[in-house]
Amino acid sequence: MRLTAVSRTFGTGPGAVTALDKVTLGFGEGSFTAVMGASGSGKSTLLQCAAGLERPTAGTVTVAGTDLSRLRESALTRLRRETIGFVFQSYNLLPALTAEQNVGLPLRLAGRRPNARAVRAALDAVGLLDRARHRPAELSGGQQQRVAIARALVAAPRVLFADEPTGALDSASSRTVLDILRTLVDEHGQTIIMVTHDPVAAAHADRVVFLADGRVSGTLVPPDAPTIATHLTTLESPTATTALHAGSPNADSAHADAQEGAARAAAAQPQPAPAPVARPDVARADTTRTDTARADAQAGAARVDVGRADAVRADTARADAQAGAARADTVRADTVRADAVRADAQAGAVRVDVGRASSVVGEAGC
Ligand SMILES: Nc1ncnc2c1ncn2[C@@H]1O[C@H](COP(=O)(O)OP(=O)(O)OP(=O)(O)O)[C@@H](O)[C@H]1O
Ligand SMILES: [Mg+2]
């Protein structure tokens, strides 16, 4: 996966915010990268552009050799379903569904019948086979996040993105989640890109990429928590320039492929100090923005395939009735459908081919 000169601007005119500014980065197969930086520095935007959930304003994103900017919405949706998994800080599980039903949801949304073996394998990978029949309210936060990871893994994605996956967890649960991510990389060659504010979490990665004002301000290979913390302090100080910490050559070659090496070299070029007047709103806007607001804004761009959601509702209602766990009454089914639509829009997992406009009846999040 590679990002080349990727920029993303929100809004126009004097109020425009440049969330990403010509970011060039490579992510080798089977590598684990942590992305760090101050609030509002563009980390989530970077992840969403890389995952095809946001379209960059400029530049290209290449996943498994495919340039995402050349894909129409339907092809992008397909590629995302087949090659990308996404884990959010707030889990985004559907409360009415059991753990295994939540894990099988991406398959249902792709119009496939969830393969029980694949669902169980994904739950097993996160150590939750024994909680398969539990609903989210019956699980701890750490367990819910592990279900969310299993859901992201069920379609065997080439790349797993995680946006602050341990942000809502206590330190013990965080460690469990981070160990699972590390194991996925070491034992299954999974490629992972994870945003985190926590130096200890970032130290589980092979490399840390630091963002400041939408630009790559440095990389650290291999990362260790104290050095990461020191670097973050530098970044957050008002007089911070774009100090860089280069990794040792040995560790570097152990972890980085040619792409990464090139990207690191590019990142290691001294970057001009950010122009403060160009982005006056970056920090301020961020402090007033909630996750919900952001999800709504994203969702504004996504259209929901209600036909698909109906299929999910029908399937879910049937499964519930079969399991005797719930009555497939209209109220329940409507709740499930509304939840599915909302969570899915948030997750950006359902984007609909505009060509299927006849079945598109609303905007997500509404
Ligand atoms: N949909 C949007 N509309 C307008 N501005 C946006 C949108 N998404 C992000 N931004 C702006 O882009 C900048 C980068 O946002 P982003 O969410 O990528 O930051 P972040 O580094 O993930 O921050 P945090 O650590 O707080 O999650 C912020 O100033 C934010 O306000
Ligand atoms: Mg963020």
# chains A, B, ... in the order shown; residues from 1 in each chain; ligands from 1
>>> residues_around(residues="stretch 41-54 of chain A", least_positions_apart="6", cutoff="10 Å", atoms="only C-alpha atoms", output="number ranges by chain")
A: 1-3, 6-9, 18-21, 23, 34-35, 60-63, 68-69, 71, 73, 76-77, 79-80, 83-86, 159-164, 193-196, 209-216, 282-283, 286, 298, 301-302, 347-351
>>> closest_residue(among="A:Pro222, A:Ala229, A:Ser173, A:Val87", to="A:Thr33", atoms="only C-alpha atoms")
A:Pro222
>>> closest_residue(among="A:Thr12, A:Thr183, A:Thr98, A:Gln144", to="ligand 1", atoms="only C-alpha atoms and all ligand atoms")
A:Thr12
>>> atom_distance(atom1="atom 5 (N, counted along the ligand's line) of ligand 1", atom2="atom CA of A:Arg72")
23.7 Å
>>> residues_around(residues="A:Arg113", least_positions_apart="6", cutoff="10 Å", atoms="only C-alpha atoms", output="MDAnalysis selection string")
chainID A and resid 104:107 315
>>> decode(residues="stretch 160-210 of chain A", atoms="C-alpha atoms", output="PDB file, in the first residue's frame")
ATOM      1  CA  LEU A 160      -6.152  -3.738   8.741  1.00  0.00           C
ATOM      2  CA  PHE A 161      -6.665  -0.134   9.832  1.00  0.00           C
ATOM      3  CA  ALA A 162      -7.281   0.709  13.462  1.00  0.00           C
ATOM      4  CA  ASP A 163      -8.094   4.228  14.624  1.00  0.00           C
ATOM      5  CA  GLU A 164      -7.229   4.453  18.320  1.00  0.00           C
ATOM      6  CA  PRO A 165      -8.284   0.850  18.973  1.00  0.00           C
ATOM      7  CA  THR A 166      -7.183   1.065  22.601  1.00  0.00           C
ATOM      8  CA  GLY A 167      -8.343   4.623  23.208  1.00  0.00           C
ATOM      9  CA  ALA A 168     -11.318   3.526  25.307  1.00  0.00           C
ATOM     10  CA  LEU A 169      -9.654   0.624  27.095  1.00  0.00           C
ATOM     11  CA  ASP A 170      -7.900   0.165  30.414  1.00  0.00           C
ATOM     12  CA  SER A 171      -4.264  -0.818  30.297  1.00  0.00           C
ATOM     13  CA  ALA A 172      -4.826  -4.563  30.705  1.00  0.00           C
ATOM     14  CA  SER A 173      -7.418  -4.695  27.911  1.00  0.00           C
ATOM     15  CA  SER A 174      -5.180  -2.480  25.770  1.00  0.00           C
ATOM     16  CA  ARG A 175      -2.339  -4.907  26.171  1.00  0.00           C
ATOM     17  CA  THR A 176      -4.537  -7.821  25.125  1.00  0.00           C
ATOM     18  CA  VAL A 177      -5.696  -5.976  22.017  1.00  0.00           C
ATOM     19  CA  LEU A 178      -2.151  -4.884  21.130  1.00  0.00           C
ATOM     20  CA  ASP A 179      -0.828  -8.403  21.610  1.00  0.00           C
ATOM     21  CA  ILE A 180      -3.522  -9.664  19.246  1.00  0.00           C
ATOM     22  CA  LEU A 181      -2.529  -7.081  16.626  1.00  0.00           C
ATOM     23  CA  ARG A 182       1.144  -7.938  17.019  1.00  0.00           C
ATOM     24  CA  THR A 183       0.397 -11.660  16.677  1.00  0.00           C
ATOM     25  CA  LEU A 184      -1.608 -11.024  13.512  1.00  0.00           C
ATOM     26  CA  VAL A 185       1.465  -9.367  12.010  1.00  0.00           C
ATOM     27  CA  ASP A 186       4.023 -11.876  13.250  1.00  0.00           C
ATOM     28  CA  GLU A 187       2.111 -15.076  12.639  1.00  0.00           C
ATOM     29  CA  HIS A 188      -0.215 -14.218   9.769  1.00  0.00           C
ATOM     30  CA  GLY A 189       1.690 -11.514   7.911  1.00  0.00           C
ATOM     31  CA  GLN A 190      -1.156  -9.063   8.425  1.00  0.00           C
ATOM     32  CA  THR A 191      -0.435  -5.467   7.407  1.00  0.00           C
ATOM     33  CA  ILE A 192      -1.631  -3.086  10.128  1.00  0.00           C
ATOM     34  CA  ILE A 193      -1.809   0.689  10.295  1.00  0.00           C
ATOM     35  CA  MET A 194      -2.876   1.959  13.693  1.00  0.00           C
ATOM     36  CA  VAL A 195      -3.495   5.466  14.992  1.00  0.00           C
ATOM     37  CA  THR A 196      -2.715   5.929  18.658  1.00  0.00           C
ATOM     38  CA  HIS A 197      -1.914   8.627  21.184  1.00  0.00           C
ATOM     39  CA  ASP A 198      -0.250   6.135  23.488  1.00  0.00           C
ATOM     40  CA  PRO A 199       3.547   5.660  23.219  1.00  0.00           C
ATOM     41  CA  VAL A 200       3.263   2.219  24.814  1.00  0.00           C
ATOM     42  CA  ALA A 201       0.742   1.142  22.171  1.00  0.00           C
ATOM     43  CA  ALA A 202       2.877   2.640  19.387  1.00  0.00           C
ATOM     44  CA  ALA A 203       5.900   0.714  20.649  1.00  0.00           C
ATOM     45  CA  HIS A 204       4.137  -2.497  19.563  1.00  0.00           C
ATOM     46  CA  ALA A 205       4.519  -1.388  15.936  1.00  0.00           C
ATOM     47  CA  ASP A 206       7.562  -1.773  13.674  1.00  0.00           C
ATOM     48  CA  ARG A 207       7.583   1.902  12.832  1.00  0.00           C
ATOM     49  CA  VAL A 208       5.986   5.109  14.061  1.00  0.00           C
ATOM     50  CA  VAL A 209       5.026   7.844  11.619  1.00  0.00           C
ATOM     51  CA  PHE A 210       4.507  11.269  13.181  1.00  0.00           C
TER      52      PHE A 210
END
